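**Student:** My file is model_19.cif. It has mmCIF, C-alpha atoms:
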```cif
data_query
loop_
_atom_site.label_atom_id
_atom_site.label_comp_id
_atom_site.auth_asym_id
_atom_site.auth_seq_id
_atom_site.Cartn_x
_atom_site.Cartn_y
_atom_site.Cartn_z
CA MET A 1 108.16 112.22 43.85
CA THR A 2 104.38 112.15 43.88
CA LEU A 3 101.38 109.95 44.61
CA LEU A 4 99.76 107.41 42.33
CA LEU A 5 96.45 105.57 42.58
CA ASP A 6 97.04 102.44 40.52
CA ARG A 7 93.78 100.75 39.38
CA VAL A 8 92.22 101.38 42.77
CA THR A 9 88.82 100.07 43.75
CA PHE A 10 87.33 101.08 47.08
CA ARG A 11 84.22 99.90 48.90
CA TYR A 12 83.20 101.02 52.39
CA HIS A 13 81.65 97.59 53.07
CA ARG A 14 82.23 94.23 51.41
CA TRP A 15 78.84 94.11 49.69
CA SER A 16 78.36 97.83 49.01
CA ARG A 17 78.73 99.51 45.63
CA PRO A 18 82.30 100.63 44.95
CA VAL A 19 82.90 104.35 45.52
CA LEU A 20 85.93 104.14 43.22
CA SER A 21 86.30 101.50 40.53
CA HIS A 22 89.67 100.74 38.85
CA LEU A 23 90.71 104.37 39.23
CA THR A 24 94.18 105.31 38.03
CA TYR A 25 95.26 108.83 38.92
CA GLU A 26 98.61 110.48 39.46
CA VAL A 27 98.87 113.62 41.58
CA PRO A 28 100.94 116.21 39.66
CA GLY A 29 104.42 116.58 41.12
CA ARG A 30 104.41 120.37 41.36
CA GLY A 31 102.18 123.33 42.11
CA LEU A 32 98.57 123.38 43.23
CA THR A 33 96.10 120.83 41.89
CA ILE A 34 92.45 121.29 42.74
CA LEU A 35 90.12 118.34 42.86
CA LEU A 36 86.58 119.31 41.91
CA GLY A 37 83.34 117.40 41.78
CA PRO A 38 79.85 117.24 43.21
CA ASN A 39 79.11 115.77 46.64
CA GLY A 40 79.50 112.00 46.46
CA ALA A 41 81.93 112.16 43.54
CA GLY A 42 84.61 110.31 45.53
CA LYS A 43 86.87 113.28 46.34
CA SER A 44 87.13 112.69 50.08
CA THR A 45 87.57 108.94 49.54
CA THR A 46 90.38 109.64 47.07
CA MET A 47 92.01 111.98 49.58
CA ALA A 48 91.66 109.45 52.41
CA LEU A 49 93.25 106.74 50.24
CA LEU A 50 96.11 109.03 49.28
CA ALA A 51 96.60 110.01 52.93
CA GLY A 52 96.79 106.35 53.97
CA THR A 53 93.84 106.67 56.37
CA ALA A 54 91.86 104.18 54.27
CA ALA A 55 93.14 101.09 52.46
CA PRO A 56 92.03 100.28 48.90
CA THR A 57 89.83 97.21 48.38
CA ALA A 58 91.87 96.44 45.24
CA GLY A 59 94.79 98.13 43.51
CA LYS A 60 97.63 100.10 45.03
CA VAL A 61 98.38 103.59 46.32
CA LEU A 62 102.04 104.38 45.80
CA LEU A 63 104.61 107.07 46.33
CA THR A 64 106.17 107.16 42.89
CA GLY A 65 109.94 106.96 42.71
CA SER A 66 110.23 105.02 45.95
CA ARG A 67 107.31 102.63 45.14
CA LEU A 68 106.30 102.85 48.80
CA SER A 69 102.74 101.68 49.39
CA SER A 70 100.24 103.68 51.47
CA THR A 71 100.22 100.95 54.11
CA SER A 72 103.88 101.57 54.94
CA ARG A 73 105.09 103.90 57.68
CA GLU A 74 107.56 105.59 55.33
CA TYR A 75 104.73 106.51 52.95
CA ARG A 76 102.78 108.22 55.72
CA ARG A 77 105.90 110.09 56.80
CA HIS A 78 106.11 111.78 53.38
CA VAL A 79 102.43 112.66 53.02
CA ALA A 80 100.78 115.49 54.97
CA TRP A 81 97.02 115.45 55.36
CA LEU A 82 94.69 118.24 56.40
CA PRO A 83 91.29 116.68 57.06
CA GLN A 84 88.02 118.40 56.21
CA LYS A 85 87.51 119.26 59.87
CA VAL A 86 90.68 120.05 61.78
CA PRO A 87 90.03 118.96 65.37
CA SER A 88 90.88 121.53 68.00
CA SER A 89 92.29 120.75 71.43
CA ARG A 90 91.69 122.35 74.80
CA GLN A 91 94.81 120.71 76.13
CA LEU A 92 97.40 121.84 73.58
CA THR A 93 98.59 125.24 72.45
CA ALA A 94 98.99 125.88 68.72
CA ARG A 95 102.72 125.15 68.92
CA GLU A 96 102.22 122.00 70.98
CA TYR A 97 99.54 120.85 68.55
CA VAL A 98 101.79 121.27 65.52
CA ALA A 99 104.69 119.64 67.38
CA TYR A 100 102.41 116.76 68.38
CA VAL A 101 101.43 116.11 64.76
CA ALA A 102 105.08 116.32 63.68
CA TRP A 103 105.96 113.84 66.44
CA LEU A 104 103.19 111.55 65.21
CA LYS A 105 104.78 111.76 61.77
CA GLY A 106 108.01 110.35 63.18
CA GLU A 107 110.01 113.47 64.11
CA ASN A 108 111.86 113.36 67.43
CA ARG A 109 110.71 115.70 70.18
CA SER A 110 113.25 118.51 69.77
CA ASP A 111 112.96 118.58 65.96
CA ALA A 112 109.17 118.58 66.21
CA TRP A 113 109.23 121.50 68.65
CA ALA A 114 111.65 123.55 66.55
CA GLY A 115 109.78 122.71 63.32
CA ALA A 116 106.47 123.73 64.90
CA GLY A 117 107.75 127.20 65.75
CA SER A 118 109.02 127.94 62.26
CA ALA A 119 105.96 126.39 60.57
CA LEU A 120 103.63 128.61 62.60
CA ASP A 121 105.71 131.65 61.64
CA GLN A 122 105.39 130.60 58.00
CA VAL A 123 101.58 130.53 58.14
CA GLY A 124 101.42 133.85 60.00
CA LEU A 125 100.51 132.46 63.42
CA GLY A 126 103.78 133.17 65.19
CA GLU A 127 102.03 135.38 67.74
CA GLN A 128 99.31 132.83 68.47
CA GLN A 129 101.60 129.89 69.10
CA GLY A 130 100.93 130.04 72.85
CA ASP A 131 97.13 130.08 72.44
CA LYS A 132 95.08 126.95 72.97
CA THR A 133 93.81 125.70 69.59
CA ALA A 134 90.25 125.58 70.93
CA ARG A 135 90.39 129.40 71.11
CA LEU A 136 91.49 129.92 67.50
CA SER A 137 89.07 130.89 64.75
CA GLY A 138 88.17 128.44 61.97
CA GLY A 139 90.59 130.12 59.56
CA GLN A 140 93.42 130.12 62.08
CA LEU A 141 92.78 126.45 62.80
CA ARG A 142 93.09 125.59 59.08
CA ARG A 143 96.39 127.49 59.03
CA VAL A 144 97.50 125.45 62.04
CA GLY A 145 96.63 122.40 59.91
CA ILE A 146 98.87 123.71 57.12
CA ALA A 147 101.61 124.32 59.69
CA CYS A 148 101.30 120.66 60.74
CA ALA A 149 102.04 119.72 57.13
CA LEU A 150 105.05 122.04 56.97
CA ALA A 151 106.52 121.03 60.33
CA HIS A 152 107.45 117.55 59.22
CA ASP A 153 108.81 118.31 55.77
CA ALA A 154 106.19 116.44 53.74
CA ARG A 155 106.80 115.67 50.05
CA VAL A 156 103.10 116.02 49.14
CA ILE A 157 100.35 117.93 50.96
CA LEU A 158 96.70 116.88 50.80
CA LEU A 159 94.01 119.38 51.80
CA ASP A 160 90.40 118.22 52.02
CA GLU A 161 88.03 121.17 51.48
CA PRO A 162 90.17 123.54 53.54
CA THR A 163 88.24 126.69 52.65
CA ALA A 164 84.77 125.37 53.54
CA GLY A 165 83.10 127.61 56.10
CA LEU A 166 85.72 130.37 56.01
CA ASP A 167 84.73 134.01 55.66
CA PRO A 168 86.10 136.02 52.69
CA HIS A 169 88.96 137.55 54.71
CA GLN A 170 90.05 134.19 56.08
CA ARG A 171 89.93 132.74 52.56
CA THR A 172 92.22 135.48 51.30
CA VAL A 173 94.72 134.87 54.10
CA PHE A 174 94.51 131.12 53.49
CA ARG A 175 95.14 131.55 49.75
CA ASP A 176 98.21 133.72 50.46
CA VAL A 177 99.63 131.00 52.70
CA LEU A 178 98.78 128.35 50.12
CA ARG A 179 100.55 130.28 47.35
CA GLU A 180 103.79 130.27 49.38
CA VAL A 181 103.48 126.59 50.26
CA THR A 182 102.88 125.41 46.70
CA GLU A 183 106.12 127.04 45.55
CA LYS A 184 108.04 124.37 47.48
CA THR A 185 105.69 121.39 47.85
CA PRO A 186 103.01 119.97 45.56
CA VAL A 187 99.52 120.35 47.00
CA LEU A 188 96.35 118.46 46.10
CA MET A 189 93.26 120.22 47.37
CA SER A 190 89.64 119.11 47.10
CA THR A 191 87.25 122.04 47.04
CA HIS A 192 83.92 123.43 45.91
CA ASP A 193 85.31 126.95 45.65
CA ILE A 194 85.97 126.99 41.92
CA VAL A 195 85.63 130.73 41.52
CA ASP A 196 88.15 131.53 44.25
CA LEU A 197 90.73 128.99 43.36
CA ALA A 198 90.69 128.28 39.63
CA ASP A 199 93.06 131.20 39.04
CA GLU A 200 95.49 129.93 41.67
CA ALA A 201 95.57 126.33 40.48
CA ASP A 202 98.13 124.89 38.10
CA THR A 203 96.08 121.77 37.40
CA VAL A 204 92.40 120.96 37.67
CA THR A 205 90.99 117.46 38.16
CA LEU A 206 87.26 116.94 37.90
CA MET A 207 85.75 113.81 39.44
CA ASP A 208 82.25 112.43 39.08
CA GLY A 209 80.84 109.08 40.13
CA GLY A 210 84.24 107.80 41.24
CA ARG A 211 85.89 108.54 37.88
CA VAL A 212 88.14 111.30 36.61
CA ARG A 213 86.10 113.27 34.09
CA HIS A 214 88.74 115.87 33.31
CA HIS A 215 92.41 116.28 34.19
CA GLY A 216 94.67 118.97 32.81
CA GLY A 217 96.13 122.45 33.22
CA THR A 218 93.90 125.28 34.34
CA PRO A 219 93.83 126.96 30.87
CA SER A 220 92.61 123.72 29.26
CA PHE A 221 89.90 123.48 31.95
CA LEU A 222 88.79 127.07 31.36
CA ASP A 223 88.70 126.45 27.60
CA HIS A 224 85.57 124.39 28.22
CA ALA A 225 83.71 127.49 29.45
CA HIS A 226 80.80 128.74 27.38
CA PRO A 227 82.09 131.41 24.95
CA GLU A 228 79.61 133.93 26.31
CA ALA A 229 80.44 133.30 29.95
CA ALA A 230 81.46 136.40 31.91
CA PRO A 231 85.21 136.37 32.77
CA ALA A 232 84.47 136.05 36.50
CA ARG A 233 82.26 133.03 35.82
CA ARG A 234 84.40 131.09 33.36
CA ALA A 235 85.46 128.49 35.93
CA GLU A 236 81.84 127.84 36.97
CA SER A 237 80.84 127.66 33.34
CA ALA A 238 83.61 125.18 32.49
CA TYR A 239 82.59 123.05 35.47
CA SER A 240 78.95 123.05 34.35
CA VAL A 241 79.81 122.20 30.76
CA LEU A 242 82.14 119.35 31.76
CA MET A 243 79.56 117.99 34.17
CA GLY A 244 76.88 118.21 31.50
CA LEU A 245 74.77 120.52 33.64
CA GLY A 246 73.67 122.69 30.75
CA ARG A 247 74.61 126.19 29.73
CA ALA A 248 76.22 128.37 32.37
CA GLN A 249 77.10 131.86 31.30
CA MET B 250 105.09 111.57 73.98
CA ILE B 251 104.44 114.35 76.47
CA TRP B 252 101.99 115.95 74.01
CA TRP B 253 100.12 112.68 73.62
CA LEU B 254 99.89 112.34 77.41
CA ARG B 255 98.67 115.91 77.75
CA GLN B 256 96.13 115.51 74.96
CA ARG B 257 94.71 112.41 76.65
CA GLY B 258 94.59 114.06 80.08
CA ALA B 259 97.10 111.67 81.62
CA LEU B 260 98.66 114.53 83.56
CA GLY B 261 95.47 116.20 84.79
CA LEU B 262 92.20 114.37 84.15
CA LEU B 263 93.27 110.86 85.13
CA PRO B 264 95.20 111.71 88.33
CA GLY B 265 92.33 114.01 89.33
CA ALA B 266 89.79 111.25 88.77
CA LEU B 267 91.91 108.79 90.75
CA LEU B 268 92.18 111.21 93.65
CA ALA B 269 88.44 111.99 93.55
CA PHE B 270 87.66 108.25 93.49
CA ALA B 271 89.93 107.37 96.42
CA VAL B 272 88.90 110.28 98.64
CA SER B 273 85.18 110.12 97.94
CA VAL B 274 85.01 106.35 98.47
CA VAL B 275 86.75 106.64 101.83
CA LEU B 276 84.54 109.55 102.93
CA THR B 277 81.27 107.80 102.05
CA LEU B 278 82.05 104.26 103.19
CA HIS B 279 79.32 104.10 105.79
CA VAL B 280 76.63 106.00 103.92
CA VAL B 281 73.91 103.53 102.92
CA LEU B 282 71.24 104.29 100.35
CA VAL B 283 67.95 102.41 100.19
CA PHE B 284 66.33 102.20 96.75
CA PRO B 285 62.91 100.94 95.76
CA ALA B 286 63.11 97.60 93.92
CA PHE B 287 60.79 95.89 91.47
CA LEU B 288 61.87 92.44 92.67
CA GLY B 289 62.61 90.92 96.08
CA ASP B 290 61.18 92.67 99.12
CA HIS B 291 60.72 95.99 97.29
CA THR B 292 63.78 97.68 98.75
CA MET B 293 67.47 97.37 97.94
CA ALA B 294 70.23 98.77 100.13
CA THR B 295 73.67 99.73 98.87
CA GLN B 296 76.53 101.96 99.88
CA LEU B 297 76.95 105.35 98.26
CA SER B 298 80.58 104.41 97.59
CA ASN B 299 79.36 101.89 94.99
CA PHE B 300 78.09 104.77 92.88
CA LEU B 301 81.38 106.64 93.27
CA CYS B 302 83.15 103.71 91.61
CA LEU B 303 81.73 105.16 88.40
CA ILE B 304 84.26 108.03 88.53
CA PRO B 305 87.24 106.18 86.98
CA SER B 306 85.09 104.66 84.23
CA VAL B 307 83.78 108.10 83.25
CA ALA B 308 87.36 109.45 83.24
CA LEU B 309 88.42 106.62 80.90
CA VAL B 310 85.73 107.49 78.39
CA VAL B 311 86.61 111.20 78.54
CA CYS B 312 90.27 110.24 77.97
CA LEU B 313 89.39 108.12 74.92
CA GLU B 314 87.12 110.83 73.56
CA ARG B 315 90.18 113.10 73.38
CA ARG B 316 91.58 111.04 70.52
CA MET B 317 91.79 112.95 67.22
CA PRO B 318 91.24 110.17 64.65
CA SER B 319 91.33 112.39 61.58
CA VAL B 320 94.83 113.53 62.53
CA GLU B 321 96.13 110.42 64.27
CA ARG B 322 95.07 107.87 61.64
CA SER B 323 97.63 109.16 59.12
CA ALA B 324 100.46 109.05 61.64
CA VAL B 325 103.70 107.10 61.52
CA ARG B 326 103.57 106.48 65.26
CA ARG B 327 100.40 104.47 65.88
CA LEU B 328 98.58 105.30 69.08
CA ASP B 329 96.03 102.49 69.40
CA ALA B 330 98.28 100.27 71.53
CA ARG B 331 99.43 103.21 73.67
CA ASP B 332 95.83 104.24 74.28
CA VAL B 333 94.84 100.73 75.33
CA ALA B 334 97.84 100.57 77.67
CA LEU B 335 96.99 103.96 79.14
CA VAL B 336 93.33 103.30 79.90
CA ALA B 337 93.80 99.68 81.00
CA GLY B 338 96.73 100.74 83.16
CA PHE B 339 94.67 103.51 84.74
CA ALA B 340 91.77 101.15 85.49
CA LEU B 341 94.17 98.67 87.10
CA LEU B 342 95.87 101.46 89.04
CA ALA B 343 92.54 102.67 90.45
CA THR B 344 91.70 99.08 91.39
CA GLY B 345 95.12 98.67 92.97
CA VAL B 346 94.72 101.87 95.00
CA ALA B 347 91.36 100.66 96.35
CA MET B 348 92.83 97.24 97.17
CA THR B 349 95.79 98.81 98.96
CA MET B 350 93.42 100.96 101.02
CA ALA B 351 91.37 97.83 101.77
CA ILE B 352 94.41 96.13 103.32
CA PHE B 353 94.61 98.91 105.89
CA GLY B 354 90.93 99.81 106.07
CA PRO B 355 87.46 98.30 106.12
CA ASP B 356 86.47 95.35 103.88
CA GLU B 357 84.05 97.51 101.89
CA LEU B 358 87.04 98.91 100.02
CA TRP B 359 87.46 95.48 98.38
CA THR B 360 83.98 96.01 96.98
CA ALA B 361 85.04 99.41 95.63
CA ALA B 362 88.06 97.82 93.93
CA ARG B 363 85.96 95.07 92.36
CA ASN B 364 83.19 97.39 91.20
CA ASN B 365 85.68 99.83 89.73
CA LEU B 366 87.11 97.00 87.62
CA LEU B 367 83.62 95.98 86.51
CA PHE B 368 82.56 99.51 85.53
CA CYS B 369 85.82 100.19 83.69
CA GLY B 370 85.30 96.94 81.77
CA PHE B 371 81.79 98.00 80.76
CA ALA B 372 82.97 101.45 79.69
CA LEU B 373 85.94 100.19 77.67
CA GLY B 374 83.85 97.47 76.01
CA ALA B 375 81.09 99.85 74.99
CA TRP B 376 83.25 102.78 73.90
CA PRO B 377 84.15 101.57 70.38
CA LEU B 378 80.42 101.27 69.67
CA LEU B 379 78.85 104.05 71.71
CA GLY B 380 81.55 106.71 72.00
CA HIS B 381 80.90 109.19 74.80
CA ARG B 382 77.59 107.48 75.56
CA ALA B 383 79.59 104.52 76.88
CA THR B 384 79.51 106.20 80.31
CA LEU B 385 75.81 105.35 80.43
CA LEU B 386 76.39 101.59 80.48
CA PRO B 387 78.03 101.33 83.93
CA ALA B 388 75.53 103.85 85.29
CA PHE B 389 72.69 101.81 83.80
CA TRP B 390 74.14 98.63 85.31
CA MET B 391 74.27 100.26 88.74
CA MET B 392 70.66 101.43 88.49
CA GLN B 393 69.29 98.14 87.19
CA ALA B 394 71.15 96.35 90.01
CA MET B 395 69.10 98.45 92.39
CA PHE B 396 65.74 97.99 90.71
CA LEU B 397 65.98 94.44 89.37
CA GLY B 398 68.98 92.82 90.97
CA GLY B 399 67.78 91.56 94.35
CA ARG B 400 66.02 88.35 95.32
CA SER B 401 65.64 89.94 98.73
CA ARG B 402 67.12 92.98 100.50
CA ASN B 403 70.56 91.46 101.12
CA ASP B 404 70.54 88.70 98.54
CA PRO B 405 71.39 89.90 95.05
CA TYR B 406 71.27 87.65 91.98
CA PRO B 407 74.75 86.30 91.12
CA TRP B 408 74.97 88.19 87.82
CA VAL B 409 74.47 91.58 89.49
CA ILE B 410 78.02 91.65 91.01
CA VAL B 411 77.95 95.27 92.23
CA THR B 412 75.87 94.67 95.35
CA GLU B 413 77.61 91.45 96.40
CA GLU B 414 79.58 91.29 99.66
CA PRO B 415 83.36 91.93 99.48
CA GLY B 416 84.59 88.34 99.67
CA VAL B 417 82.30 86.74 97.08
CA VAL B 418 84.53 84.88 94.64
CA HIS B 419 82.17 84.65 91.67
CA ALA B 420 81.61 88.42 91.79
CA ALA B 421 85.35 89.12 91.71
CA ALA B 422 85.80 86.64 88.85
CA GLY B 423 82.88 88.21 86.96
CA ALA B 424 84.32 91.72 87.34
CA ALA B 425 87.72 90.54 86.10
CA ALA B 426 86.10 88.77 83.13
CA VAL B 427 84.12 91.90 82.18
CA PHE B 428 87.28 94.00 82.40
CA LEU B 429 89.22 91.61 80.16
CA ALA B 430 86.35 91.55 77.67
CA GLY B 431 86.34 95.36 77.68
CA VAL B 432 90.05 95.57 76.94
CA LEU B 433 89.72 92.95 74.18
CA SER B 434 86.82 94.89 72.67
CA LEU B 435 88.96 98.01 72.63
CA ILE B 436 91.86 96.19 70.94
CA CYS B 437 89.69 94.49 68.33
CA PHE B 438 87.12 97.11 67.41
CA VAL B 439 88.80 100.50 67.69
CA PRO B 440 90.87 100.13 64.48
CA ARG B 441 87.67 99.19 62.61
CA THR B 442 85.57 102.15 63.70
CA ALA B 443 85.85 105.86 63.10
CA ARG B 444 87.12 106.23 66.67
#
```
Would you mind giving the structure from this file in structure tokens?
**Tutor:**
Amino acid sequence: MTLLLDRVTFRYHRWSRPVLSHLTYEVPGRGLTILLGPNGAGKSTTMALLAGTAAPTAGKVLLTGSRLSSTSREYRRHVAWLPQKVPSSRQLTAREYVAYVAWLKGENRSDAWAGAGSALDQVGLGEQQGDKTARLSGGQLRRVGIACALAHDARVILLDEPTAGLDPHQRTVFRDVLREVTEKTPVLMSTHDIVDLADEADTVTLMDGGRVRHHGGTPSFLDHAHPEAAPARRAESAYSVLMGLGRAQ
Amino acid sequence: MIWWLRQRGALGLLPGALLAFAVSVVLTLHVVLVFPAFLGDHTMATQLSNFLCLIPSVALVVCLERRMPSVERSAVRRLDARDVALVAGFALLATGVAMTMAIFGPDELWTAARNNLLFCGFALGAWPLLGHRATLLPAFWMMQAMFLGGRSRNDPYPWVIVTEEPGVVHAAAGAAAVFLAGVLSLICFVPRTAR
């Protein structure tokens, strides 16, 4: 079971230029897929459409297998969404926050509370579950966001630039958590951190101007790298070549 | 649901604001402020309690600002209707408390009830557009009523509402109309904005 954008067009306003035009894209049903592209490529719009927080102007967003559309409640129950900026709360502790999101996703109160405890343990925040989320660091808050996705047993997890603004240590911890999560649930993650994440990803999708420019396994993406590119810079080089940005070694 | 109520401040912020409103209005009932005015006879008198009617409207905006759209928009349980019920219910409760006190106390408490409804209507109506700045609209209305709202010291223009005497029917009807418009604005515009 995965997500499908079926000939989707999206405009922010009726008369504005479409951000996405007749885009068809299927999120791979396993492992980690990273969604790359420059600013304005349509990554966040694609993520918002898949999360059901925005409705397509034309076309459909579906949960394959069930054919549920993104406007349905059942669709939203199966899709977890970590926005670019996870809002913190001065009112709720980490466990209450995760339980609140699980409750919003349709869980009853006791299941949400129990799920929140185990999800926080899974992301390594078991000891911080009594802390107010406003007191957590940026990296811990992103992990709380991942816990929100785990607490309600989502079929697909969407992460919108989750590593932006994290320091190197927090990124390492985040990647470790991500590796565990992707073993059980497919994850689509938009990011600019090609160097950090290309090795972790099973699939790479490259978007530009609202279109998919490349979609395939990580080895096929890296094959586009310049032959003389240093091993540590192959992902950057492949990105530059595919984007037509000139030689990057 | 308890987490939603806690996130919105329904267990701390709103009861605290209600208490602060009721107590401060009663304590300042006979304190009269005289402001300079650009119209009329160059002074405008009003009770301090009229300014304290701003407390519930500010609390409503703070409550609405505690929404987390990026998280709540992708939810199965939709919160828009609950939020409208919460803030409209709170505004009506604060009005009801002032009216109940007015039955047993001085007539000026009817004014407090009416003005609270008016200010809450302004705040709710402006919030989808202005966000946290919506608190400025009722405050602005109060100030302009002082500076521009009087034909003479005790004779405000009909549209001013806030400085009218307690039993004036058109003022009560105006406050109720503004409140209804505010609630309608919240219902219609919140799903279409990023709030």
**Student:** Between A:Glu96, A:Asp193, A:Glu236, A:Glu200, which residue has the minimum interatomic distance to chain B, considering only C-alpha atoms?
**Tutor:** A:Glu96
**Student:** Compile the residues of chain A that lie within 7 Å of chain B, evaluated using all atoms listed in the file, and express the compilation as a list in words.
**Tutor:** Ala51, Gly52, Thr53, Arg73, Arg76, Arg77, Pro83, Pro87, Gln91, Leu92, Glu96, Tyr100, Leu104, Lys105 and Gly106 of chain A
**Student:** Just how far from CA of Ala271 in chain B is CA of Val346 in chain B, in Å to one decimal?
**Tutor:**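 It comes out at 7.4 Å.
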**Student:** Nearest to Gly423 in chain B among B:Val409, B:Ile436, B:Val336, B:Ala383, with distances taken over all atoms listed in the file: which residue is it?
**Tutor:**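 Closest to Gly423 in chain B of all the choices is B:Val409.
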**Student:** Give the answer as one residue: which of A:Val156, A:Val79, A:Val195, A:Ala48 has the shortest atom-to-atom distance to Ala230 in chain A, using all atoms listed in the file?
**Tutor:**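 Going through A:Val156, A:Val79, A:Val195, A:Ala48 one by one, the smallest distance to Ala230 in chain A is for A:Val195.
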**Student:** Run through the PyMOL selection byres ((chain A and resi 65) around 10) on the given coordinates and return the selected residues as a tab-separated table (two decimals) with C-alpha atoms, keeping the file's coordinate frame.
**Tutor:**
```tsv
chain	number	residue	atom	x	y	z
A	1	MET	CA	108.16	112.22	43.85
A	2	THR	CA	104.38	112.15	43.88
A	3	LEU	CA	101.38	109.95	44.61
A	62	LEU	CA	102.04	104.38	45.80
A	63	LEU	CA	104.61	107.07	46.33
A	64	THR	CA	106.17	107.16	42.89
A	66	SER	CA	110.23	105.02	45.95
A	67	ARG	CA	107.31	102.63	45.14
A	68	LEU	CA	106.30	102.85	48.80
```
**Student:** Measure the distance from CA of Leu366 in chain B to CA of Ser401 in chain B in Å and round it to one decimal.
**Tutor:**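 Taking CA of Leu366 in chain B and CA of Ser401 in chain B, their separation equals 25.2 Å.
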**Student:** At what distance in Å, to one decimal, does CA of Gln296 in chain B lie from CA of Leu282 in chain B?
**Tutor:**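 Result for CA of Leu282 in chain B versus CA of Gln296 in chain B: 5.8 Å, one decimal.
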**Student:** For Ala80 in chain A, which residue out of A:His192, A:Arg234, A:Lys184, A:Arg155 is the nearest one, using all atoms listed in the file?
**Tutor:**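 Using all atoms listed in the file, Ala80 in chain A sits closest to A:Arg155.
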**Student:** Let me know the residues the PyMOL selection byres ((chain B and resi 376) around 12) catches in the file above, as a PDB file with C-alpha atoms, keeping the file's coordinate frame.
**Tutor:**
```pdb
ATOM      1  CA  SER B 306      85.090 104.660  84.230  1.00  0.00           C
ATOM      2  CA  VAL B 307      83.780 108.100  83.250  1.00  0.00           C
ATOM      3  CA  LEU B 309      88.420 106.620  80.900  1.00  0.00           C
ATOM      4  CA  VAL B 310      85.730 107.490  78.390  1.00  0.00           C
ATOM      5  CA  VAL B 311      86.610 111.200  78.540  1.00  0.00           C
ATOM      6  CA  CYS B 312      90.270 110.240  77.970  1.00  0.00           C
ATOM      7  CA  LEU B 313      89.390 108.120  74.920  1.00  0.00           C
ATOM      8  CA  GLU B 314      87.120 110.830  73.560  1.00  0.00           C
ATOM      9  CA  VAL B 333      94.840 100.730  75.330  1.00  0.00           C
ATOM     10  CA  VAL B 336      93.330 103.300  79.900  1.00  0.00           C
ATOM     11  CA  CYS B 369      85.820 100.190  83.690  1.00  0.00           C
ATOM     12  CA  GLY B 370      85.300  96.940  81.770  1.00  0.00           C
ATOM     13  CA  PHE B 371      81.790  98.000  80.760  1.00  0.00           C
ATOM     14  CA  ALA B 372      82.970 101.450  79.690  1.00  0.00           C
ATOM     15  CA  LEU B 373      85.940 100.190  77.670  1.00  0.00           C
ATOM     16  CA  GLY B 374      83.850  97.470  76.010  1.00  0.00           C
ATOM     17  CA  ALA B 375      81.090  99.850  74.990  1.00  0.00           C
ATOM     18  CA  PRO B 377      84.150 101.570  70.380  1.00  0.00           C
ATOM     19  CA  LEU B 378      80.420 101.270  69.670  1.00  0.00           C
ATOM     20  CA  LEU B 379      78.850 104.050  71.710  1.00  0.00           C
ATOM     21  CA  GLY B 380      81.550 106.710  72.000  1.00  0.00           C
ATOM     22  CA  HIS B 381      80.900 109.190  74.800  1.00  0.00           C
ATOM     23  CA  ARG B 382      77.590 107.480  75.560  1.00  0.00           C
ATOM     24  CA  ALA B 383      79.590 104.520  76.880  1.00  0.00           C
ATOM     25  CA  THR B 384      79.510 106.200  80.310  1.00  0.00           C
ATOM     26  CA  LEU B 385      75.810 105.350  80.430  1.00  0.00           C
ATOM     27  CA  LEU B 386      76.390 101.590  80.480  1.00  0.00           C
ATOM     28  CA  PRO B 387      78.030 101.330  83.930  1.00  0.00           C
ATOM     29  CA  GLY B 431      86.340  95.360  77.680  1.00  0.00           C
ATOM     30  CA  VAL B 432      90.050  95.570  76.940  1.00  0.00           C
ATOM     31  CA  LEU B 433      89.720  92.950  74.180  1.00  0.00           C
ATOM     32  CA  SER B 434      86.820  94.890  72.670  1.00  0.00           C
ATOM     33  CA  LEU B 435      88.960  98.010  72.630  1.00  0.00           C
ATOM     34  CA  ILE B 436      91.860  96.190  70.940  1.00  0.00           C
ATOM     35  CA  CYS B 437      89.690  94.490  68.330  1.00  0.00           C
ATOM     36  CA  PHE B 438      87.120  97.110  67.410  1.00  0.00           C
ATOM     37  CA  VAL B 439      88.800 100.500  67.690  1.00  0.00           C
ATOM     38  CA  THR B 442      85.570 102.150  63.700  1.00  0.00           C
ATOM     39  CA  ALA B 443      85.850 105.860  63.100  1.00  0.00           C
ATOM     40  CA  ARG B 444      87.120 106.230  66.670  1.00  0.00           C
TER      41      ARG B 444
END
```
**Student:** Give as a PyMOL selection string the residues that the PyMOL selection byres ((chain B and resi 281) around 10) matches when applied to the coordinates above.
**Tutor:** chain B and resi 277-280+282-284+294-299
**Student:** Near Ala286 in chain B, within 10 Å and counting all atoms listed in the file, which residues show up once chain neighbours fewer than 4 positions away are dropped, as an MDAnalysis selection string?
**Tutor:** chainID B and resid 290:294 393:402
**Student:** Fewer than 5 positions away in the same chain doesn't count, so skip those; otherwise give me all residues within 7 Å of Ser89 in chain A, counting all atoms listed in the file, as a count of residues only.
**Tutor:** 3
**Student:** Please identify all polymer residues within 10 Å of Ser21 in chain A, counting all atoms listed in the file, omitting same-chain residues fewer than 3 positions from it, and present them as JSON, numbers by chain.
**Tutor:** {"A": [7, 8, 9, 10, 11, 17, 18, 24, 57, 58, 59, 209, 210, 211]}
**Student:** With 12 Å as the threshold, what does the neighbourhood of (90.4, 92.6, 99.2) contain in terms of residues, counting all atoms listed in the file? Coordinates are those of the file; answer as an MDAnalysis selection string.
**Tutor:** chainID B and resid 344:364 414:418 421
**Student:** With a distance cut-off of 10 Å and all atoms listed in the file, select the neighbouring residues of His152 in chain A, excluding the residue or stretch itself and same-chain residues fewer than 2 positions from it, and output the selection as a ChimeraX atom specification.
**Tutor:** /A:77-80,98-99,101-107,111-112,115-116,119,147-150,154-155
